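Encoded as structure tokens, the structure appears first; notes follow it.
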Amino acid sequence: MTVSQRLNITNGDVAVGKMTEAGIDGKIIAWRDVLHEGPVDSSLSLEELSKQRARFISGNSWDDFEHVSGDFAERDRMIRHLDYFDEVVLWFEDDLYDQLQLIQLLDFFSREPASKKKLSVIVVDGYLPPLSHAELKHLEANRPSVTAEQLSLAQRAWKAFGSKDPSSIERFLSEPSSALPHLRRALQRHLEEFPSTVNGLSRSEREALTAIKEGNRTPVAAFMEVARKQESIFLGDLVFFSYLERLSGTEHPLVTWKDDSPVLAPTREISRDFIEGELSLTDLGHQVLAGEKDWHQINTQSRWLGGVEIVPRSESWRWDPVAGRLRREGGSGKREEGGGKREEGSGKREAGSGRREAGSGRRQDSSTKSSAKAKSKRAPARSARRKTSSRKPAKPMRVAKKPARKSTRRKK
């Protein structure tokens, strides 16, 4: 008698633990990468992209290179060689973090020899870990098979996300995408991370400064306030704290500690002082937030979003929050609407250098879909995500209607 073997892939170790407790059949692994932050070249092979990502993650001190690259190599080998598995089941959620992982995996499994395996998908409009064992087993029993339309859609989305031309994402968003009902909103949220035409801040940066201005003065309080404003929470605390450092770690800071010293994202040694510290906007921070100054023309640190490197003080793609679309702007602020073909950027840089300023040491997190996992072995890139928790009913992928808005929570 032949025994069917199943491989389950989900978004973090807390989900892995909960699914294991619920008795989900087969092997369960976590797909750990904070793809919404840092370089993602979708033209690379799985293994080459993993190396690029490991360099970026270790460069930001979210994990050491040996550990994160080893973890990625192990998971890559498992999905590259599926000899022992008859079926692969993808378990993910509706937010940007999860949707990027989902399209990466669907793109991979659309190709030979992985395409010969049975592939199923479960996407919940909410969070996996709070679900009861019975709810998880119900999802397992009613898992739908992946369709050709979903594979094709994921291929196009993944290619657009990792392209040097972000207007390809806008072109993708103009197409029907109901086969992956949460993807449109997730990619729209990704585009909002490009520098605003109003003040040069990303949406996350603007919301961080606004939270501090409104009295959420500690890093954790500001993080929780920003999380509360998200349609679907995707941002982890370590990534958020790195945003605070970027907004502070220049010769023209927008935010500092109360004593005017620069904000450095926490290391294991200084994490308590960091969490309990009081943040303060500078005069320049107030001016930028009000749109009187342009952060893109002041900032000195580059940032990667998918396949695009955003280089300050240069021609760049920017997000127009009024029009709800990207615009191409030169260093002088001259605008050009997105949607057209982008010229090659000048001066190709090493994607994944992730250089940090002094005081960056290796980070420690307190949640698992974020950093130090529920396993004894630390999870690499998941260290970049921490969410707040709220219970929401799980829904199969094709159910588009969403219940009540998520509350702030810690996730994985």
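Letters A, B, ... mark the chains of the structure tokens in the order given; residue numbers begin at 1 per chain; ligand numbers begin at 1, in order shown.
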
Can you check which residues of region 130-346 of chain A DSSP gives as alpha helix (DSSP H) on the backbone and send them as number ranges by chain? A: 133-141, 148-161, 167-173, 183-191, 203-213, 219-228, 237-248, 271-276, 283-289

Restricting the output to C-alpha atoms, write the selected residues as an mmCIF file, in the first residue's frame.
```
data_model
loop_
_atom_site.group_PDB
_atom_site.id
_atom_site.type_symbol
_atom_site.label_atom_id
_atom_site.label_comp_id
_atom_site.auth_asym_id
_atom_site.auth_seq_id
_atom_site.Cartn_x
_atom_site.Cartn_y
_atom_site.Cartn_z
ATOM 1 C CA HIS A 133 -7.298 22.906 16.049
ATOM 2 C CA ALA A 134 -10.759 22.196 14.646
ATOM 3 C CA GLU A 135 -10.611 25.265 12.385
ATOM 4 C CA LEU A 136 -7.202 24.275 11.049
ATOM 5 C CA LYS A 137 -8.359 20.713 10.403
ATOM 6 C CA HIS A 138 -11.428 22.076 8.598
ATOM 7 C CA LEU A 139 -9.196 24.178 6.349
ATOM 8 C CA GLU A 140 -7.005 21.153 5.699
ATOM 9 C CA ALA A 141 -9.963 18.960 4.763
ATOM 10 C CA ALA A 148 -3.657 27.304 -13.765
ATOM 11 C CA GLU A 149 -5.028 30.843 -13.513
ATOM 12 C CA GLN A 150 -3.510 31.272 -10.049
ATOM 13 C CA LEU A 151 -0.135 30.008 -11.237
ATOM 14 C CA SER A 152 -0.140 32.345 -14.228
ATOM 15 C CA LEU A 153 -1.186 35.305 -12.097
ATOM 16 C CA ALA A 154 1.534 34.593 -9.523
ATOM 17 C CA GLN A 155 4.181 34.307 -12.231
ATOM 18 C CA ARG A 156 3.306 37.747 -13.602
ATOM 19 C CA ALA A 157 3.069 39.283 -10.138
ATOM 20 C CA TRP A 158 6.416 37.875 -9.010
ATOM 21 C CA LYS A 159 8.121 39.078 -12.178
ATOM 22 C CA ALA A 160 6.653 42.564 -11.725
ATOM 23 C CA PHE A 161 7.573 42.744 -8.021
ATOM 24 C CA SER A 167 5.431 50.651 -13.063
ATOM 25 C CA SER A 168 5.195 46.999 -14.136
ATOM 26 C CA ILE A 169 3.391 46.444 -10.807
ATOM 27 C CA GLU A 170 0.892 49.144 -11.735
ATOM 28 C CA ARG A 171 0.336 47.498 -15.098
ATOM 29 C CA PHE A 172 -0.218 44.193 -13.323
ATOM 30 C CA LEU A 173 -2.733 45.840 -10.982
ATOM 31 C CA LEU A 183 -2.812 40.173 -3.871
ATOM 32 C CA ARG A 184 -4.020 43.486 -5.292
ATOM 33 C CA ARG A 185 -4.293 45.164 -1.891
ATOM 34 C CA ALA A 186 -0.928 43.771 -0.804
ATOM 35 C CA LEU A 187 0.907 45.088 -3.863
ATOM 36 C CA GLN A 188 -0.848 48.436 -3.575
ATOM 37 C CA ARG A 189 0.481 48.649 -0.023
ATOM 38 C CA HIS A 190 3.956 47.855 -1.355
ATOM 39 C CA LEU A 191 3.782 50.804 -3.768
ATOM 40 C CA ARG A 203 3.742 55.568 4.154
ATOM 41 C CA SER A 204 5.375 53.670 7.023
ATOM 42 C CA GLU A 205 7.788 56.527 7.710
ATOM 43 C CA ARG A 206 4.991 59.095 7.611
ATOM 44 C CA GLU A 207 2.857 57.029 9.960
ATOM 45 C CA ALA A 208 5.815 56.534 12.315
ATOM 46 C CA LEU A 209 6.511 60.266 12.560
ATOM 47 C CA THR A 210 2.796 60.995 12.935
ATOM 48 C CA ALA A 211 2.498 58.451 15.742
ATOM 49 C CA ILE A 212 5.393 60.050 17.619
ATOM 50 C CA LYS A 213 4.002 63.548 17.055
ATOM 51 C CA PRO A 219 9.401 52.803 19.871
ATOM 52 C CA VAL A 220 6.930 50.109 20.900
ATOM 53 C CA ALA A 221 4.061 52.580 21.295
ATOM 54 C CA ALA A 222 4.812 54.087 17.883
ATOM 55 C CA PHE A 223 5.048 50.614 16.338
ATOM 56 C CA MET A 224 1.705 49.582 17.804
ATOM 57 C CA GLU A 225 0.030 52.769 16.590
ATOM 58 C CA VAL A 226 1.366 52.284 13.068
ATOM 59 C CA ALA A 227 0.235 48.650 13.116
ATOM 60 C CA ARG A 228 -3.253 49.752 14.194
ATOM 61 C CA ASP A 237 9.064 45.382 14.897
ATOM 62 C CA LEU A 238 12.712 44.966 13.880
ATOM 63 C CA VAL A 239 12.044 46.388 10.429
ATOM 64 C CA PHE A 240 10.052 49.221 11.974
ATOM 65 C CA PHE A 241 12.895 49.982 14.400
ATOM 66 C CA SER A 242 15.286 50.069 11.435
ATOM 67 C CA TYR A 243 13.028 52.718 9.890
ATOM 68 C CA LEU A 244 13.437 54.831 13.022
ATOM 69 C CA GLU A 245 17.203 54.490 12.734
ATOM 70 C CA ARG A 246 17.108 55.528 9.076
ATOM 71 C CA LEU A 247 15.016 58.566 9.958
ATOM 72 C CA SER A 248 17.527 59.442 12.685
ATOM 73 C CA SER A 271 17.231 46.469 23.716
ATOM 74 C CA ARG A 272 15.734 47.425 27.112
ATOM 75 C CA ASP A 273 17.029 50.978 26.898
ATOM 76 C CA PHE A 274 15.703 51.164 23.353
ATOM 77 C CA ILE A 275 12.214 49.933 24.199
ATOM 78 C CA GLU A 276 11.892 52.265 27.189
ATOM 79 C CA ASP A 283 12.170 70.709 13.849
ATOM 80 C CA LEU A 284 13.128 69.216 10.499
ATOM 81 C CA GLY A 285 10.932 66.209 11.259
ATOM 82 C CA HIS A 286 7.938 68.501 11.769
ATOM 83 C CA GLN A 287 8.770 70.362 8.537
ATOM 84 C CA VAL A 288 9.045 67.182 6.482
ATOM 85 C CA LEU A 289 5.860 65.757 7.964
#
```

Residue with smallest distance to Gln101 (chain A) - pool A:Lys117, A:Lys164, A:His36, A:His182, counting only C-alpha atoms: A:His36

Could you check the closest approach to Glu21 (chain A) for each of A:Ile310, A:Val263, A:Val40, A:Leu131 and tell me which residue wins, using only C-alpha atoms? A:Leu131

Would you write out, as JSON lines, a table of all residues in region 197-260 of chain A that have an atom no more than 10 Å from an atom of region 84-94 of chain A, listing for each the closest atom pair and the distance in Å to one decimal, considering only C-alpha atoms and ordering rows by chain and rising residue number?
```
{"residue": "A:Ser232", "atom": "CA", "partner": "A:Asp94", "partner_atom": "CA", "distance": 7.1}
{"residue": "A:Ile233", "atom": "CA", "partner": "A:Asp94", "partner_atom": "CA", "distance": 9.2}
{"residue": "A:Phe234", "atom": "CA", "partner": "A:Asp94", "partner_atom": "CA", "distance": 9.2}
```

Apply DSSP to the backbone of this structure and, from region 52-293 of chain A, keep only the residues in strand (DSSP E or B); write these as a PyMOL selection string. chain A and resi 87-93+118-124+145+196+255-257+279-281

The selected residues should be written to file as a CSV table (one decimal), in the first residue's frame (atoms: C-alpha atoms).
```
chain,number,residue,atom,x,y,z
A,87,GLU,CA,1.4,16.9,-2.5
A,88,VAL,CA,2.5,20.4,-1.5
A,89,VAL,CA,0.1,22.6,0.5
A,90,LEU,CA,0.7,26.3,0.9
A,91,TRP,CA,-0.7,27.9,4.1
A,92,PHE,CA,-0.6,31.7,4.1
A,93,GLU,CA,-2.4,34.9,5.1
A,118,LYS,CA,-0.2,18.1,-6.7
A,119,LEU,CA,-0.4,21.6,-5.3
A,120,SER,CA,-3.0,23.0,-2.9
A,121,VAL,CA,-3.4,26.4,-1.3
A,122,ILE,CA,-5.0,27.8,1.9
A,123,VAL,CA,-5.1,31.5,2.4
A,124,VAL,CA,-6.9,33.0,5.4
A,145,SER,CA,-6.2,22.8,-5.6
A,196,SER,CA,5.8,60.3,-1.4
A,255,VAL,CA,13.6,61.9,14.9
A,256,THR,CA,16.0,61.5,17.9
A,257,TRP,CA,15.9,60.4,21.5
A,279,LEU,CA,11.4,59.6,21.0
A,280,SER,CA,11.1,63.2,19.8
A,281,LEU,CA,10.6,64.8,16.4
```

Counting only C-alpha atoms, the option among A:Asp63, A:Asp107, A:Asp25, A:Asp33 closest to Ser45 (chain A):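 Smallest distance to Ser45 (chain A) is found for A:Asp107.
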
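Restricting the calculation to only C-alpha atoms, the smallest distance between Phe194 (chain A) and any of A:Glu47, A:Asp165, A:Asp320, A:Asp13 is found for A:Asp320.
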
Using CA of Glu192 (chain A) and CA of Gln104 (chain A) as the two end points, give the distance in Å to one decimal.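 So the answer is 20.5 Å.
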